[in-house]
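> Dropping in coords-v1.tsv, which is TSV, C-alpha atoms:
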chain	number	residue	atom	x	y	z
A	1	HIS	CA	10.22	2.42	5.18
A	2	SER	CA	12.24	1.06	8.04
A	3	ILE	CA	14.40	-2.00	8.56
A	4	LYS	CA	15.37	-3.50	11.90
A	5	LYS	CA	16.11	-6.68	13.76
A	6	CYS	CA	13.09	-7.62	15.82
A	7	SER	CA	13.15	-7.25	19.57
A	8	THR	CA	12.24	-10.29	21.64
A	9	MET	CA	10.24	-8.11	24.07
A	10	THR	CA	6.49	-8.60	23.73
A	11	SER	CA	3.95	-6.28	25.40
A	12	TYR	CA	0.39	-6.75	24.16
A	13	ALA	CA	-2.36	-4.16	24.60
A	14	HIS	CA	-5.83	-4.93	25.92
A	15	THR	CA	-7.13	-7.38	23.37
A	16	ILE	CA	-10.34	-8.52	21.73
A	17	SER	CA	-10.35	-12.30	21.79
A	18	LEU	CA	-10.27	-14.09	18.44
A	19	THR	CA	-12.79	-16.92	18.35
A	20	ASP	CA	-12.87	-19.87	15.96
A	21	GLU	CA	-16.06	-18.50	14.39
A	22	GLN	CA	-14.48	-15.10	13.77
A	23	TYR	CA	-11.35	-16.68	12.31
A	24	GLN	CA	-13.37	-18.79	9.89
A	25	ARG	CA	-15.20	-15.65	8.74
A	26	ALA	CA	-11.87	-13.87	8.29
A	27	LEU	CA	-10.11	-16.68	6.39
A	28	ILE	CA	-11.19	-16.15	2.79
A	29	ASP	CA	-8.76	-18.47	1.06
A	30	SER	CA	-5.92	-20.77	2.12
A	31	THR	CA	-5.81	-23.49	-0.51
A	32	GLN	CA	-2.21	-22.97	-1.63
A	33	GLN	CA	-0.01	-24.14	1.24
A	34	ILE	CA	3.35	-24.87	-0.39
A	35	ARG	CA	4.71	-21.39	0.33
A	36	LEU	CA	3.38	-21.55	3.89
A	37	ALA	CA	5.00	-24.95	4.40
A	38	ARG	CA	8.35	-23.64	3.16
A	39	LEU	CA	8.19	-20.67	5.51
A	40	LEU	CA	7.26	-22.87	8.48
A	41	ARG	CA	10.09	-25.27	7.68
A	42	LYS	CA	12.56	-22.36	7.87
A	43	VAL	CA	11.04	-21.28	11.18
A	44	GLN	CA	11.19	-24.80	12.61
A	45	ASN	CA	14.83	-25.14	11.50
A	46	LYS	CA	15.64	-21.77	13.16
A	47	GLU	CA	16.81	-20.34	9.85
A	48	PRO	CA	16.91	-16.52	9.66
A	49	ILE	CA	13.90	-15.08	7.83
A	50	THR	CA	12.73	-11.68	6.64
A	51	TYR	CA	9.19	-10.37	7.09
A	52	GLY	CA	8.06	-7.38	5.04
A	53	ALA	CA	4.81	-5.42	5.31
A	54	ILE	CA	3.50	-3.09	2.62
A	55	GLY	CA	0.40	-0.94	2.89
A	56	GLY	CA	-0.90	2.48	3.88
A	57	SER	CA	-1.09	4.33	7.17
A	58	ILE	CA	-2.51	1.30	9.00
A	59	THR	CA	0.61	-0.69	8.12
A	60	ALA	CA	2.76	2.32	8.96
A	61	GLY	CA	1.17	2.17	12.43
A	62	ALA	CA	-0.88	5.37	12.57
A	63	HIS	CA	-2.74	5.84	15.90
A	64	ALA	CA	-1.04	2.83	17.49
A	65	GLN	CA	1.90	2.77	19.85
A	66	PRO	CA	5.02	2.09	17.76
A	67	ASP	CA	5.46	-1.46	19.08
A	68	GLN	CA	1.73	-2.27	19.17
A	69	ALA	CA	0.87	-2.07	15.47
A	70	TYR	CA	0.13	-5.39	13.77
A	71	ALA	CA	3.29	-5.54	11.64
A	72	PRO	CA	5.86	-5.02	14.43
A	73	LEU	CA	3.83	-7.33	16.68
A	74	LEU	CA	4.06	-10.06	14.05
A	75	GLY	CA	7.75	-9.35	13.58
A	76	LYS	CA	8.37	-9.69	17.33
A	77	TRP	CA	6.44	-12.94	17.52
A	78	LEU	CA	8.31	-14.39	14.54
A	79	ASN	CA	11.60	-13.35	16.12
A	80	GLU	CA	10.67	-15.39	19.17
A	81	GLN	CA	10.49	-18.42	16.87
A	82	THR	CA	13.57	-17.73	14.72
A	83	PRO	CA	15.89	-14.75	13.96
A	84	THR	CA	13.72	-12.32	11.99
A	85	GLN	CA	14.46	-9.12	10.12
A	86	PHE	CA	11.44	-6.83	9.80
A	87	ILE	CA	10.86	-4.33	6.98
A	88	ASN	CA	7.97	-1.91	7.30
A	89	ALA	CA	7.20	-0.50	3.85
A	90	GLY	CA	3.95	1.14	4.92
A	91	ILE	CA	3.42	4.74	3.75
A	92	GLY	CA	0.42	6.73	4.93
A	93	ALA	CA	-2.25	7.83	2.43
A	94	SER	CA	-0.84	5.54	-0.27
A	95	ASN	CA	-2.57	2.83	-2.29
A	96	SER	CA	-1.54	-0.18	-4.35
A	97	LEU	CA	-1.06	2.00	-7.44
A	98	PHE	CA	1.87	3.72	-5.75
A	99	GLY	CA	2.74	0.42	-4.09
A	100	THR	CA	3.23	-1.54	-7.30
A	101	PHE	CA	5.72	1.00	-8.65
A	102	ARG	CA	7.73	1.23	-5.40
A	103	VAL	CA	7.57	-2.35	-4.08
A	104	ALA	CA	10.77	-3.52	-5.79
A	105	LYS	CA	12.87	-0.74	-4.24
A	106	ASP	CA	11.14	-0.51	-0.87
A	107	LEU	CA	10.60	-4.20	-0.12
A	108	LEU	CA	11.46	-6.90	-2.66
A	109	CYS	CA	15.15	-6.01	-2.82
A	110	HIS	CA	15.38	-7.48	0.72
A	111	GLN	CA	14.10	-10.87	-0.51
A	112	PRO	CA	11.44	-11.32	2.17
A	113	ASP	CA	10.20	-14.79	3.10
A	114	LEU	CA	6.82	-13.44	4.24
A	115	ILE	CA	4.93	-10.44	2.85
A	116	THR	CA	1.68	-8.96	4.14
A	117	VAL	CA	-0.27	-6.58	1.90
A	118	GLU	CA	-2.82	-4.07	3.29
A	119	PHE	CA	-4.57	-1.72	0.84
A	120	ALA	CA	-8.27	-2.62	1.24
A	121	VAL	CA	-9.17	0.83	2.58
A	122	ASN	CA	-6.80	3.09	0.67
A	123	ASP	CA	-7.53	1.48	-2.69
A	124	ALA	CA	-10.92	3.19	-2.61
A	125	ASN	CA	-8.87	6.17	-3.85
A	126	ASN	CA	-7.15	4.15	-6.58
A	127	PRO	CA	-8.34	4.93	-10.14
A	128	ASN	CA	-7.03	1.59	-11.44
A	129	ILE	CA	-7.37	-0.94	-8.63
A	130	GLU	CA	-7.41	-4.14	-10.67
A	131	PRO	CA	-4.21	-3.77	-12.71
A	132	ALA	CA	-2.33	-2.03	-9.88
A	133	PHE	CA	-3.19	-4.56	-7.20
A	134	GLU	CA	-2.56	-7.50	-9.51
A	135	ALA	CA	0.81	-6.07	-10.54
A	136	LEU	CA	1.77	-5.62	-6.89
A	137	ILE	CA	0.79	-9.18	-5.92
A	138	ARG	CA	2.43	-10.69	-8.99
A	139	GLN	CA	5.73	-8.93	-8.30
A	140	CYS	CA	5.70	-10.14	-4.70
A	141	LEU	CA	5.07	-13.74	-5.74
A	142	ALA	CA	7.66	-13.70	-8.53
A	143	ILE	CA	10.87	-12.94	-6.59
A	144	PRO	CA	13.35	-15.85	-6.57
A	145	ASN	CA	12.86	-17.00	-2.97
A	146	LEU	CA	9.10	-17.46	-3.57
A	147	PRO	CA	7.72	-15.82	-0.41
A	148	LEU	CA	4.40	-16.44	1.29
A	149	VAL	CA	2.11	-13.49	0.48
A	150	VAL	CA	-0.87	-12.80	2.75
A	151	LEU	CA	-3.57	-10.22	1.96
A	152	ILE	CA	-5.19	-8.27	4.81
A	153	PHE	CA	-8.55	-6.52	4.43
A	154	THR	CA	-9.17	-3.73	6.96
A	155	MET	CA	-12.23	-1.43	7.00
A	156	ARG	CA	-13.71	2.01	7.57
A	157	ARG	CA	-16.20	2.86	10.32
A	158	ASP	CA	-19.10	1.99	7.99
A	159	GLY	CA	-17.53	-1.38	7.16
A	160	HIS	CA	-16.55	-0.26	3.66
A	161	ASN	CA	-13.45	-1.51	1.89
A	162	VAL	CA	-12.60	-2.80	-1.59
A	163	GLN	CA	-11.98	-6.44	-0.71
A	164	HIS	CA	-14.66	-7.39	-3.25
A	165	ILE	CA	-12.20	-6.17	-5.90
A	166	HIS	CA	-9.10	-7.61	-4.25
A	167	ILE	CA	-10.53	-11.08	-3.56
A	168	PRO	CA	-10.87	-12.23	-7.22
A	169	ILE	CA	-7.24	-11.23	-7.75
A	170	GLY	CA	-6.18	-13.10	-4.62
A	171	LYS	CA	-8.08	-16.20	-5.74
A	172	HIS	CA	-6.53	-15.99	-9.21
A	173	TYR	CA	-3.07	-16.13	-7.61
A	174	ASP	CA	-4.15	-18.59	-4.91
A	175	VAL	CA	-2.90	-16.52	-1.98
A	176	PRO	CA	-4.29	-16.57	1.58
A	177	MET	CA	-6.57	-13.68	2.53
A	178	LEU	CA	-7.65	-12.52	5.98
A	179	SER	CA	-10.54	-10.08	6.42
A	180	TYR	CA	-10.48	-8.04	9.62
A	181	ARG	CA	-13.75	-6.58	8.32
A	182	ASP	CA	-15.53	-9.91	7.93
A	183	ALA	CA	-14.35	-11.07	11.35
A	184	LEU	CA	-15.45	-8.03	13.35
A	185	TYR	CA	-18.02	-5.95	11.49
A	186	PRO	CA	-20.86	-8.41	12.22
A	187	LEU	CA	-20.17	-7.86	15.94
A	188	ILE	CA	-20.57	-4.12	15.44
A	189	THR	CA	-23.84	-4.44	13.52
A	190	GLU	CA	-25.13	-6.81	16.22
A	191	GLY	CA	-24.23	-4.34	18.97
A	192	LYS	CA	-21.71	-6.68	20.59
A	193	LEU	CA	-18.81	-4.37	19.82
A	194	THR	CA	-18.55	-0.63	19.16
A	195	TRP	CA	-16.36	1.03	16.57
A	196	GLU	CA	-14.72	2.99	19.39
A	197	ASP	CA	-13.49	-0.32	20.81
A	198	LEU	CA	-11.39	-0.65	17.65
A	199	SER	CA	-10.54	2.82	16.41
A	200	PRO	CA	-10.15	6.47	17.50
A	201	ASP	CA	-11.21	7.82	14.08
A	202	GLU	CA	-12.85	6.76	10.85
A	203	VAL	CA	-10.38	4.10	9.78
A	204	HIS	CA	-7.22	3.50	11.85
A	205	PRO	CA	-7.23	0.63	14.36
A	206	ASN	CA	-6.16	1.39	17.92
A	207	ASP	CA	-3.80	-0.91	19.82
A	208	ALA	CA	-6.59	-3.44	20.39
A	209	GLY	CA	-7.54	-3.42	16.70
A	210	HIS	CA	-3.93	-3.91	15.64
A	211	HIS	CA	-3.51	-6.74	18.08
A	212	TYR	CA	-6.58	-8.42	16.58
A	213	ILE	CA	-5.02	-8.25	13.09
A	214	PHE	CA	-1.87	-9.73	14.60
A	215	GLN	CA	-3.92	-12.57	16.13
A	216	LEU	CA	-5.42	-13.35	12.70
A	217	LEU	CA	-1.98	-13.53	11.12
A	218	LYS	CA	-0.51	-15.55	13.98
A	219	ARG	CA	-3.40	-18.01	13.80
A	220	TYR	CA	-2.89	-18.47	10.07
A	221	LEU	CA	0.86	-19.02	10.50
A	222	GLN	CA	0.05	-21.77	13.01
A	223	THR	CA	-1.99	-23.72	10.44
A	224	PRO	CA	-1.11	-27.45	10.69
A	225	ILE	CA	0.84	-28.43	7.57
A	226	ASN	CA	1.98	-31.74	6.13
A	227	GLY	CA	5.76	-31.31	6.06
A	228	ASP	CA	6.03	-33.10	2.72
A	229	ILE	CA	4.24	-30.21	1.03
A	230	ALA	CA	7.36	-28.06	1.45
A	231	THR	CA	9.25	-30.27	-1.02
A	232	ARG	CA	6.73	-29.83	-3.83
A	233	ASN	CA	7.31	-27.45	-6.74
A	234	THR	CA	5.62	-24.10	-6.48
A	235	PRO	CA	3.08	-23.74	-9.33
A	236	ASP	CA	3.95	-21.28	-12.08
A	237	LEU	CA	2.18	-17.95	-11.94
A	238	PRO	CA	-1.07	-17.88	-13.93
A	239	ALA	CA	-1.68	-15.66	-16.94
A	240	PHE	CA	-2.45	-12.02	-16.29
A	241	LEU	CA	-5.99	-11.52	-15.07
A	242	ASP	CA	-6.18	-7.94	-16.37
A	243	ALA	CA	-4.67	-6.98	-19.72
A	244	ARG	CA	-3.43	-3.69	-18.23
A	245	THR	CA	-1.41	-5.31	-15.45
A	246	SER	CA	1.90	-5.65	-17.30
A	247	GLN	CA	1.99	-1.88	-17.80
A	248	HIS	CA	1.71	-1.37	-14.04
A	249	ILE	CA	5.09	-2.89	-13.27
A	250	GLY	CA	7.61	-0.08	-13.35
A	251	GLN	CA	9.42	2.41	-11.15
A	252	VAL	CA	9.10	5.70	-9.26
A	253	LEU	CA	11.08	8.57	-10.78
A	254	ASP	CA	11.57	11.63	-8.59
A	255	ALA	CA	13.56	14.85	-9.11
A	256	THR	CA	16.87	13.04	-8.62
A	257	GLN	CA	16.14	10.68	-11.54
A	258	LEU	CA	14.11	12.72	-14.03
A	259	LYS	CA	16.02	14.60	-16.71
A	260	CYS	CA	15.41	18.33	-16.39
A	261	VAL	CA	15.38	19.99	-19.82
A	262	SER	CA	14.63	23.51	-18.59
A	263	ASN	CA	13.60	25.18	-15.34
A	264	SER	CA	12.40	28.66	-14.55
A	265	GLY	CA	11.19	29.24	-10.99
A	266	TRP	CA	11.10	25.69	-9.58
A	267	GLN	CA	13.40	24.21	-6.94
A	268	GLN	CA	14.09	20.70	-5.66
A	269	GLY	CA	13.08	19.79	-2.12
A	270	PRO	CA	11.92	16.91	0.12
A	271	HIS	CA	8.62	15.25	-0.73
A	272	LYS	CA	6.63	12.74	1.30
A	273	GLY	CA	7.93	9.18	1.67
A	274	GLY	CA	11.60	10.09	1.32
A	275	TYR	CA	11.31	11.23	-2.30
A	276	THR	CA	12.73	14.47	-3.72
A	277	GLY	CA	10.23	16.63	-5.58
A	278	TRP	CA	9.99	19.92	-7.44
A	279	GLN	CA	8.27	22.88	-5.72
A	280	THR	CA	7.29	26.43	-6.63
A	281	ASN	CA	4.98	29.29	-5.65
A	282	ASN	CA	6.00	31.61	-8.50
A	283	VAL	CA	3.15	32.24	-10.95
A	284	GLY	CA	4.38	31.52	-14.47
A	285	ALA	CA	7.15	29.17	-13.29
A	286	MET	CA	7.92	26.59	-15.99
A	287	LEU	CA	9.48	23.14	-15.60
A	288	THR	CA	10.23	20.74	-18.46
A	289	LEU	CA	11.23	17.13	-17.75
A	290	GLN	CA	11.90	14.05	-19.85
A	291	PHE	CA	11.21	10.37	-19.21
A	292	THR	CA	10.99	7.16	-21.24
A	293	GLY	CA	8.07	4.74	-21.08
A	294	LYS	CA	4.68	3.58	-22.32
A	295	LEU	CA	2.62	4.55	-19.28
A	296	ALA	CA	3.00	7.37	-16.77
A	297	TYR	CA	1.21	8.65	-13.68
A	298	ILE	CA	2.01	11.93	-11.92
A	299	GLY	CA	2.12	12.21	-8.12
A	300	TYR	CA	1.67	15.64	-6.53
A	301	GLN	CA	0.78	17.14	-3.18
A	302	LYS	CA	-2.88	18.03	-2.66
A	303	TYR	CA	-3.23	19.92	0.59
A	304	ALA	CA	-5.59	22.28	2.42
A	305	GLY	CA	-3.94	25.70	2.43
A	306	ASP	CA	-2.40	28.13	0.01
A	307	PHE	CA	-1.95	25.79	-2.93
A	308	GLY	CA	-2.28	26.53	-6.62
A	309	GLN	CA	-2.79	24.93	-10.02
A	310	VAL	CA	-0.49	23.87	-12.86
A	311	GLN	CA	-1.09	23.33	-16.55
A	312	VAL	CA	0.33	19.97	-17.62
A	313	THR	CA	1.55	19.49	-21.18
A	314	LEU	CA	2.80	16.13	-22.50
A	315	ASP	CA	4.69	15.98	-25.82
A	316	ASP	CA	3.48	19.52	-26.66
A	317	LYS	CA	-0.19	18.63	-26.06
A	318	PRO	CA	-2.15	20.04	-23.08
A	319	VAL	CA	-3.21	17.14	-20.84
A	320	SER	CA	-4.85	18.57	-17.74
A	321	ILE	CA	-4.83	21.20	-15.02
A	322	LEU	CA	-3.78	19.83	-11.64
A	323	ASP	CA	-5.12	21.56	-8.53
A	324	GLY	CA	-2.91	21.35	-5.43
A	325	PHE	CA	-5.69	22.56	-3.15
A	326	TYR	CA	-7.42	19.87	-1.06
A	327	GLU	CA	-11.12	20.54	-0.55
A	328	LYS	CA	-12.04	18.93	2.77
A	329	PRO	CA	-15.26	16.86	2.72
A	330	ILE	CA	-17.93	18.25	5.06
A	331	ILE	CA	-18.02	15.02	7.10
A	332	GLN	CA	-14.24	14.99	7.61
A	333	GLU	CA	-12.70	16.85	10.55
A	334	TRP	CA	-9.15	16.47	9.31
A	335	ALA	CA	-8.21	19.30	6.96
A	336	GLY	CA	-4.81	18.13	5.80
A	337	GLY	CA	-4.04	16.44	2.51
A	338	HIS	CA	-1.79	13.92	0.83
A	339	THR	CA	-0.02	12.96	-2.38
A	340	VAL	CA	-2.48	12.03	-5.11
A	341	VAL	CA	-1.65	10.17	-8.31
A	342	ASP	CA	-3.28	10.99	-11.66
A	343	LEU	CA	-2.86	9.21	-14.97
A	344	LEU	CA	-0.83	11.17	-17.52
A	345	ALA	CA	-1.06	8.75	-20.42
A	346	CYS	CA	-1.08	5.04	-21.26
A	347	ASP	CA	-0.31	3.01	-24.39
A	348	MET	CA	2.26	5.59	-25.47
A	349	PRO	CA	5.11	4.76	-27.84
A	350	ASN	CA	7.99	3.40	-25.77
A	351	GLN	CA	10.22	6.41	-26.35
A	352	THR	CA	11.36	9.62	-24.69
A	353	HIS	CA	8.50	11.93	-23.70
A	354	THR	CA	8.54	15.57	-22.65
A	355	LEU	CA	6.50	16.82	-19.71
A	356	THR	CA	5.99	20.53	-18.98
A	357	LEU	CA	4.36	22.10	-15.90
A	358	GLU	CA	3.41	25.78	-15.73
A	359	LEU	CA	2.13	27.36	-12.50
A	360	LEU	CA	-1.07	29.25	-13.28
A	361	ASN	CA	-2.36	32.47	-11.76
A	362	GLN	CA	-5.79	30.90	-11.17
A	363	THR	CA	-6.51	29.02	-7.91
A	364	HIS	CA	-9.31	27.26	-6.10
A	365	PRO	CA	-11.73	29.86	-4.65
A	366	ASP	CA	-10.75	28.88	-1.09
A	367	SER	CA	-6.99	29.01	-1.70
A	368	ARG	CA	-5.03	32.17	-0.98
A	369	GLY	CA	-1.76	31.11	-2.59
A	370	HIS	CA	-0.07	29.29	-5.44
A	371	ALA	CA	2.28	26.71	-3.87
A	372	PHE	CA	2.65	23.47	-5.82
A	373	ASP	CA	4.66	20.32	-5.02
A	374	LEU	CA	5.39	17.77	-7.74
A	375	GLY	CA	6.49	14.54	-6.07
A	376	TYR	CA	7.31	11.97	-8.76
A	377	LEU	CA	6.25	10.09	-11.86
A	378	LEU	CA	5.23	6.43	-11.88
A	379	VAL	CA	6.58	5.08	-15.16
A	380	SER	CA	6.63	1.77	-17.02
So that I can check it, write out the structure of this file as structure tokens.


Amino acid sequence: HSIKKCSTMTSYAHTISLTDEQYQRALIDSTQQIRLARLLRKVQNKEPITYGAIGGSITAGAHAQPDQAYAPLLGKWLNEQTPTQFINAGIGASNSLFGTFRVAKDLLCHQPDLITVEFAVNDANNPNIEPAFEALIRQCLAIPNLPLVVLIFTMRRDGHNVQHIHIPIGKHYDVPMLSYRDALYPLITEGKLTWEDLSPDEVHPNDAGHHYIFQLLKRYLQTPINGDIATRNTPDLPAFLDARTSQHIGQVLDATQLKCVSNSGWQQGPHKGGYTGWQTNNVGAMLTLQFTGKLAYIGYQKYAGDFGQVQVTLDDKPVSILDGFYEKPIIQEWAGGHTVVDLLACDMPNQTHTLTLELLNQTHPDSRGHAFDLGYLLVS
């Protein structure tokens, strides 16, 4: 993620105008206005604020000019109102499962006054959306300065996203939600707008699409507010919506933090997102690590190329075989890959556990090699 003071320069791309009708379709919920009122009072008083964005590649700004993505655009606009520090905690090909374990380190430690959350597309690849997304939102709302948290729902070419899963969580926590999908997809189905007007690929907005998201956020932050609301007490957080949520508040442990019990044939090296992982391409290489917790996920690189498989053993019991080879879907032109996260175990005794990885001789039929890259564990 990156941190910077926002520039006052503003250069907007060709835009798609936001109408009142589109905004009303996009605005899913805005009943809780105390946090908004407190943020606006700081802005009006010219107090310094911090804006943080967390999400996937859309938040990171993929396929947009660096200063034309929605998050830096919002940061620039806020900085025109009051001194604003901007933190971009977007990481490509990541979902709220990874987000909930990294949000404290990557974002909340900066005590943001405003947080935007964008995982409506990437959470389609999340095996546990409900507890992960709830844990992420709850952590954001719970920090001492009580920030305003706004959920953003983007979309794929076919209009698909998982906002139908995110919305009940957002309503439970009474946070504002803005659906880029609900605002614009009807125009596509009616033939008034083409997907190519918004995106160069299957999912990432172009400059015009990003500017539209920025317009939605700007419009919401200009909501007329009764100033007296800012003096009211913020309601306590509600009870957990999902019983699994509490176990999805934890930390990311990479090679620099995991205890290595034994190692034969593995070496430490850079992994995606600034983490340090363990890598090998030596068949038979063994790595034994220890960690403490009740729940654990394993993050590893899955990539098209010469990647192999590892046998995973937890506390002397075989758990699974992880395949580092990424099998490209027929409909997808891109043949790369990304870090995937698989569940190791949940509801374990809260004690020290031993994890062993052995690189196998077997591989996917289309792979010609055995490389494997272990990125990190998500542990609570």

> List as a tab-separated table (two decimals) with C-alpha atoms, in the coordinates of the input the residues having at least one atom at most 7 Å from position (6.7, 6.3, 3.6) as given in the file, counting all atoms listed in the file.


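As written to disk, point09.tsv reads:
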chain	number	residue	atom	x	y	z
A	1	HIS	CA	10.22	2.42	5.18
A	89	ALA	CA	7.20	-0.50	3.85
A	90	GLY	CA	3.95	1.14	4.92
A	91	ILE	CA	3.42	4.74	3.75
A	92	GLY	CA	0.42	6.73	4.93
A	272	LYS	CA	6.63	12.74	1.30
A	273	GLY	CA	7.93	9.18	1.67
A	274	GLY	CA	11.60	10.09	1.32

> Would you please work out which residue, of A:Ala371, A:Ala345, A:Val43, A:Ala93, is nearest to Gly61 of chain A when using all atoms listed in the file?

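Among the listed residues, A:Ala93 lies closest to Gly61 of chain A.
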
> Using all atoms listed in the file, which residue out of A:Glu21, A:Asp347, A:Glu190, A:Asp113 lies closest to Gln247 of chain A?

A:Asp347

> Find the residues near Lys218 of chain A: any atom within 10 Å, counting all atoms listed in the file, skip ones fewer than 4 places away on the same chain, and give them as a list in words.

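Close residues of Lys218 of chain A: Leu73, Leu74, Trp77, Leu78, Tyr212, Ile213, Phe214, Gln222 and Thr223 of chain A.
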
> Can you tell me, as number ranges by chain, which residues sit within 12 Å of (9.8, 23.8, -12.1) in the file's frame, using only C-alpha atoms?

A: 255, 260-269, 277-289, 310-312, 355-359, 371-375

> What's around Asp106 of chain A at 10 Å? Count all atoms listed in the file, leave out sequence neighbours fewer than 3 positions away in its own chain, and write the answer as a short mmCIF file (atom, residue, chain, number, x, y, z; two decimals) with C-alpha atoms, in the frame of the given file.


data_model
loop_
_atom_site.label_atom_id
_atom_site.label_comp_id
_atom_site.auth_asym_id
_atom_site.auth_seq_id
_atom_site.Cartn_x
_atom_site.Cartn_y
_atom_site.Cartn_z
CA HIS A 1 10.22 2.42 5.18
CA SER A 2 12.24 1.06 8.04
CA GLY A 52 8.06 -7.38 5.04
CA ILE A 54 3.50 -3.09 2.62
CA ILE A 87 10.86 -4.33 6.98
CA ASN A 88 7.97 -1.91 7.30
CA ALA A 89 7.20 -0.50 3.85
CA GLY A 90 3.95 1.14 4.92
CA GLY A 99 2.74 0.42 -4.09
CA PHE A 101 5.72 1.00 -8.65
CA ARG A 102 7.73 1.23 -5.40
CA VAL A 103 7.57 -2.35 -4.08
CA CYS A 109 15.15 -6.01 -2.82
CA HIS A 110 15.38 -7.48 0.72
#

> Could you name the residues that touch Arg244 of chain A at 12 Å or less, counting all atoms listed in the file, but leaving out those on the same chain fewer than 5 positions away, as a list of chain:residue names?

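Result of the neighbour search: A:Asn128, A:Ile129, A:Glu130, A:Pro131, A:Ala132, A:Phe133, A:Glu134, A:Ala135, A:Ile249, A:Lys294, A:Leu295, A:Cys346, A:Asp347, A:Ser380.
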
> Take atom CA of Phe325 of chain A and atom CA of Pro365 of chain A and report the distance between them in Å, one decimal.

9.6 Å

> Find the residues near Asn226 of chain A: any atom within 12 Å, counting all atoms listed in the file, skip ones fewer than 4 places away on the same chain, and give them as a VMD selection string.

chain A and resid 33 to 34 36 to 38 40 to 41 230 to 232

> Counting only C-alpha atoms, what is within 10 Å of His63 of chain A, bar same-chain residues fewer than 4 positions away, as a list of chain:residue names?

A:Ser57, A:Ile58, A:Gln68, A:Ala69, A:Ser199, A:Pro200, A:Asp201, A:Val203, A:His204, A:Pro205, A:Asn206, A:Asp207, A:His210

> Using only C-alpha atoms, pick whichever of A:Val121, A:Leu237, A:Ala53, A:Ile115 has the shortest atom-to-atom distance to Val150 of chain A.

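Of the candidates, the smallest distance to Val150 of chain A is held by A:Ile115.
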